[in-house]
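Contents: one structure, followed by commentary.
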Amino acid sequence: MGARSKARKRALDVLYEADLRGVDPVTLIADRVGSTDVPPVNDYTITLVEGVTAHRSRIDDLISEHAEGWTLQRMPAVDRAVLRIGLFELLWAADVPDAVAIDEAVELAKGLSTDDSPRFVNGVLGRIAVIADQLRAVL
């Protein structure tokens, strides 16, 4: 697994934990960065957590609009976190090609969520990818 894939997995862990505990993800990652009890935190993990947090309102709106038949509250927490990371990379990480952002999100879903999650994540991000250039123009 590459460094960025590991960073995505770690960001997913932080976002998932923050969601379940109802705490701020940036505060949680800051605590991890300053701790000697956990492995060092990759800079890209920090970028993802901070980026998802900074754009969370817009990210959640887009997920809600394109997740046919699902509300954010009804989605498994892991799927929410995966979609948030994937959508952040899709729209705000200029150095990550759209296909890579989607593939990495699908891989996270395959390894950590339900059997139906990879197809669901791929569908939501795929629908948004079609209009990604238009969305980026107004961000």
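Going by the structure tokens order, chains are called A, B, ..., each with residues numbered from 1, while ligands are numbered from 1 in the order shown.
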Residues near Glu89 in chain A, cut-off 10 Å, only C-alpha atoms, skip fewer than 4 positions along chain, as a list in words: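 So, after excluding close chain neighbours, the residues are Leu48, Gly51, Val52, Leu83, Arg84, Ile85, Ala93, Ala94, Asp95, Val96, Pro97, Asp98, Val100, Ala101, Ile102, Glu104 and Ala105 of chain A.
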Take the selection from the previous step and output its residues with C-alpha atoms, as a PDB file, in the first residue's frame.
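Once everything was written out, this is out-v9.pdb:
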```
ATOM      1  CA  LEU A  48      -7.376  15.335   4.113  1.00  0.00           C
ATOM      2  CA  GLY A  51      -9.795  19.748   3.944  1.00  0.00           C
ATOM      3  CA  VAL A  52     -12.835  17.594   4.606  1.00  0.00           C
ATOM      4  CA  LEU A  83     -17.396   9.677   0.433  1.00  0.00           C
ATOM      5  CA  ARG A  84     -16.207  12.819   2.189  1.00  0.00           C
ATOM      6  CA  ILE A  85     -12.554  11.974   1.523  1.00  0.00           C
ATOM      7  CA  ALA A  93      -7.043  18.135  -4.463  1.00  0.00           C
ATOM      8  CA  ALA A  94      -5.691  19.384  -7.792  1.00  0.00           C
ATOM      9  CA  ASP A  95      -2.813  16.897  -7.759  1.00  0.00           C
ATOM     10  CA  VAL A  96      -5.153  13.870  -7.571  1.00  0.00           C
ATOM     11  CA  PRO A  97      -6.717  12.749 -10.872  1.00  0.00           C
ATOM     12  CA  ASP A  98     -10.481  12.202 -10.680  1.00  0.00           C
ATOM     13  CA  VAL A 100      -7.624   8.024  -8.679  1.00  0.00           C
ATOM     14  CA  ALA A 101      -9.850   9.800  -6.143  1.00  0.00           C
ATOM     15  CA  ILE A 102     -12.749   7.515  -7.053  1.00  0.00           C
ATOM     16  CA  GLU A 104      -9.053   5.007  -3.824  1.00  0.00           C
ATOM     17  CA  ALA A 105     -12.455   5.673  -2.235  1.00  0.00           C
TER      18      ALA A 105
END
```
In chain A, DSSP alpha helix (DSSP H) residues written as a ChimeraX atom specification: /A:3-21,25-33,43-54,56-66,77-92,98-112,117-130,132-138
Pairwise distance for CA of Ala137 in chain A and CA of Phe88 in chain A, rounded to one decimal in Å: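 The value is 14.7 Å.
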Shortest interatomic distance to Glu50 in chain A - which of A:Gly123, A:Leu112, A:Ser5, A:Val14, counting only C-alpha atoms: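 Among the listed residues, the smallest separation from Glu50 in chain A belongs to A:Val14.
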Range 47-119 of chain A near range 128-131 of chain A within 8 Å: what's each residue's closest atom pair and its distance in Å to one decimal, counting only C-alpha atoms, ordered by chain then ascending residue number, as a Markdown table?
```
| residue | atom | partner | partner_atom | distance |
| --- | --- | --- | --- | --- |
| A:Leu62 | CA | A:Ile128 | CA | 7.8 |
| A:His66 | CA | A:Ile128 | CA | 7.0 |
| A:Leu90 | CA | A:Ala129 | CA | 7.2 |
| A:Asp98 | CA | A:Ala129 | CA | 6.9 |
```
Would you mind exporting N, CA and C atoms of the selected residues as a compact mmCIF listing (two decimals), in the first residue's frame?
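Printed below is result.txt as written:
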```
# COMPACT_ATOMS: atom_id res chain seq x y z
N LEU A 62 -23.41 18.02 -1.46
CA LEU A 62 -23.23 17.30 -2.73
C LEU A 62 -23.51 15.81 -2.59
N HIS A 66 -26.57 13.65 -4.54
CA HIS A 66 -26.23 12.62 -5.52
C HIS A 66 -26.31 11.19 -4.99
N LEU A 90 -11.66 14.73 -5.10
CA LEU A 90 -12.22 14.96 -6.43
C LEU A 90 -12.29 16.44 -6.77
N ASP A 98 -9.13 12.62 -11.07
CA ASP A 98 -10.48 12.20 -10.68
C ASP A 98 -10.59 10.68 -10.54
```
Selection: 9 Å around Leu91 in chain A, only C-alpha atoms, excl. self and same-chain fewer than 4 positions, as a ChimeraX atom specification: /A:86-87,98,129,132-133,135-136,139
Limited to N, CA and C atoms, could you put the picked residues into a file as a PDB file, in the first residue's frame?
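Printed below is result_15.pdb as written:
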```
ATOM      1  N   GLY A  86     -13.263  11.055  -0.609  1.00  0.00           N
ATOM      2  CA  GLY A  86     -13.273  10.955  -2.067  1.00  0.00           C
ATOM      3  C   GLY A  86     -13.716  12.243  -2.731  1.00  0.00           C
ATOM      4  N   LEU A  87     -14.736  12.861  -2.185  1.00  0.00           N
ATOM      5  CA  LEU A  87     -15.251  14.102  -2.766  1.00  0.00           C
ATOM      6  C   LEU A  87     -14.280  15.259  -2.543  1.00  0.00           C
ATOM      7  N   ASP A  98      -9.129  12.618 -11.070  1.00  0.00           N
ATOM      8  CA  ASP A  98     -10.481  12.202 -10.680  1.00  0.00           C
ATOM      9  C   ASP A  98     -10.595  10.681 -10.538  1.00  0.00           C
ATOM     10  N   ALA A 129     -18.410  13.249 -10.453  1.00  0.00           N
ATOM     11  CA  ALA A 129     -17.266  13.435 -11.362  1.00  0.00           C
ATOM     12  C   ALA A 129     -17.707  13.975 -12.715  1.00  0.00           C
ATOM     13  N   ALA A 132     -17.844  17.568 -12.188  1.00  0.00           N
ATOM     14  CA  ALA A 132     -16.757  18.085 -11.353  1.00  0.00           C
ATOM     15  C   ALA A 132     -16.155  19.383 -11.890  1.00  0.00           C
ATOM     16  N   ASP A 133     -15.958  19.478 -13.204  1.00  0.00           N
ATOM     17  CA  ASP A 133     -15.374  20.708 -13.756  1.00  0.00           C
ATOM     18  C   ASP A 133     -16.286  21.909 -13.501  1.00  0.00           C
ATOM     19  N   LEU A 135     -18.407  22.194 -11.023  1.00  0.00           N
ATOM     20  CA  LEU A 135     -18.373  22.457  -9.582  1.00  0.00           C
ATOM     21  C   LEU A 135     -17.088  23.189  -9.195  1.00  0.00           C
ATOM     22  N   ARG A 136     -15.968  22.749  -9.746  1.00  0.00           N
ATOM     23  CA  ARG A 136     -14.682  23.387  -9.433  1.00  0.00           C
ATOM     24  C   ARG A 136     -14.677  24.857  -9.863  1.00  0.00           C
ATOM     25  N   LEU A 139     -16.274  26.930  -7.028  1.00  0.00           N
ATOM     26  CA  LEU A 139     -15.808  26.741  -5.633  1.00  0.00           C
ATOM     27  C   LEU A 139     -15.011  27.934  -5.167  1.00  0.00           C
TER      28      LEU A 139
END
```
Exercise: Arg8 in chain A partners within 8 Å, only C-alpha atoms, chain neighbours under 2 positions left out, as an mmCIF file with N, CA and C atoms, in the first residue's frame:
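Printed below is part_20.cif as written:
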```cif
data_model
loop_
_atom_site.group_PDB
_atom_site.id
_atom_site.type_symbol
_atom_site.label_atom_id
_atom_site.label_comp_id
_atom_site.auth_asym_id
_atom_site.auth_seq_id
_atom_site.Cartn_x
_atom_site.Cartn_y
_atom_site.Cartn_z
ATOM 1 N N ARG A 4 0.191 7.472 0.159
ATOM 2 C CA ARG A 4 -1.075 8.214 0.112
ATOM 3 C C ARG A 4 -2.265 7.320 0.463
ATOM 4 N N SER A 5 -2.211 6.070 0.052
ATOM 5 C CA SER A 5 -3.292 5.138 0.417
ATOM 6 C C SER A 5 -3.342 4.956 1.930
ATOM 7 N N LYS A 6 -2.176 4.839 2.552
ATOM 8 C CA LYS A 6 -2.125 4.718 4.012
ATOM 9 C C LYS A 6 -2.633 6.004 4.668
ATOM 10 N N ARG A 10 -5.774 6.367 7.249
ATOM 11 C CA ARG A 10 -5.643 7.011 8.563
ATOM 12 C C ARG A 10 -6.630 8.184 8.679
ATOM 13 N N ALA A 11 -6.792 8.961 7.610
ATOM 14 C CA ALA A 11 -7.768 10.058 7.618
ATOM 15 C C ALA A 11 -9.179 9.503 7.811
ATOM 16 N N LEU A 12 -9.464 8.392 7.162
ATOM 17 C CA LEU A 12 -10.761 7.739 7.324
ATOM 18 C C LEU A 12 -10.975 7.348 8.784
ATOM 19 N N TYR A 44 -0.211 14.170 4.478
ATOM 20 C CA TYR A 44 -1.401 14.073 3.622
ATOM 21 C C TYR A 44 -2.642 13.697 4.436
ATOM 22 N N THR A 45 -2.457 12.937 5.507
ATOM 23 C CA THR A 45 -3.582 12.640 6.400
ATOM 24 C C THR A 45 -4.131 13.933 6.985
ATOM 25 N N LEU A 48 -6.044 15.893 4.359
ATOM 26 C CA LEU A 48 -7.376 15.335 4.113
ATOM 27 C C LEU A 48 -8.352 15.678 5.236
ATOM 28 N N ILE A 85 -13.950 11.946 1.980
ATOM 29 C CA ILE A 85 -12.554 11.974 1.523
ATOM 30 C C ILE A 85 -12.508 11.960 0.005
#
```
Pick from A:Ala7, A:Leu125, A:Val138, A:Val82 nearest to Pro39 in chain A, counting only C-alpha atoms: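 With only C-alpha atoms as the atom set, the closest residue is A:Ala7.
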Pick from A:Ala99, A:Val106, A:Val38, A:Ile63, whichever lies nearest to Val121 in chain A using only C-alpha atoms: A:Val106
Selected residue of minimal separation from Met1 in chain A among A:Val49, A:Val23, A:Leu108, A:Leu15, counting only C-alpha atoms: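 Residue with the minimum atom-to-atom distance to Met1 in chain A: A:Leu108.
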Selected residue of minimal separation from Tyr16 in chain A among A:Ala109, A:Val78, A:Leu28, A:Ala54, counting only C-alpha atoms: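 Distance minimum relative to Tyr16 in chain A lands on A:Val78.
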Which of A:Ile59, A:Gly126, A:Thr47, A:Lys9 sits closest to Glu107 in chain A [using only C-alpha atoms]: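 Using only C-alpha atoms, Glu107 in chain A sits closest to A:Lys9.
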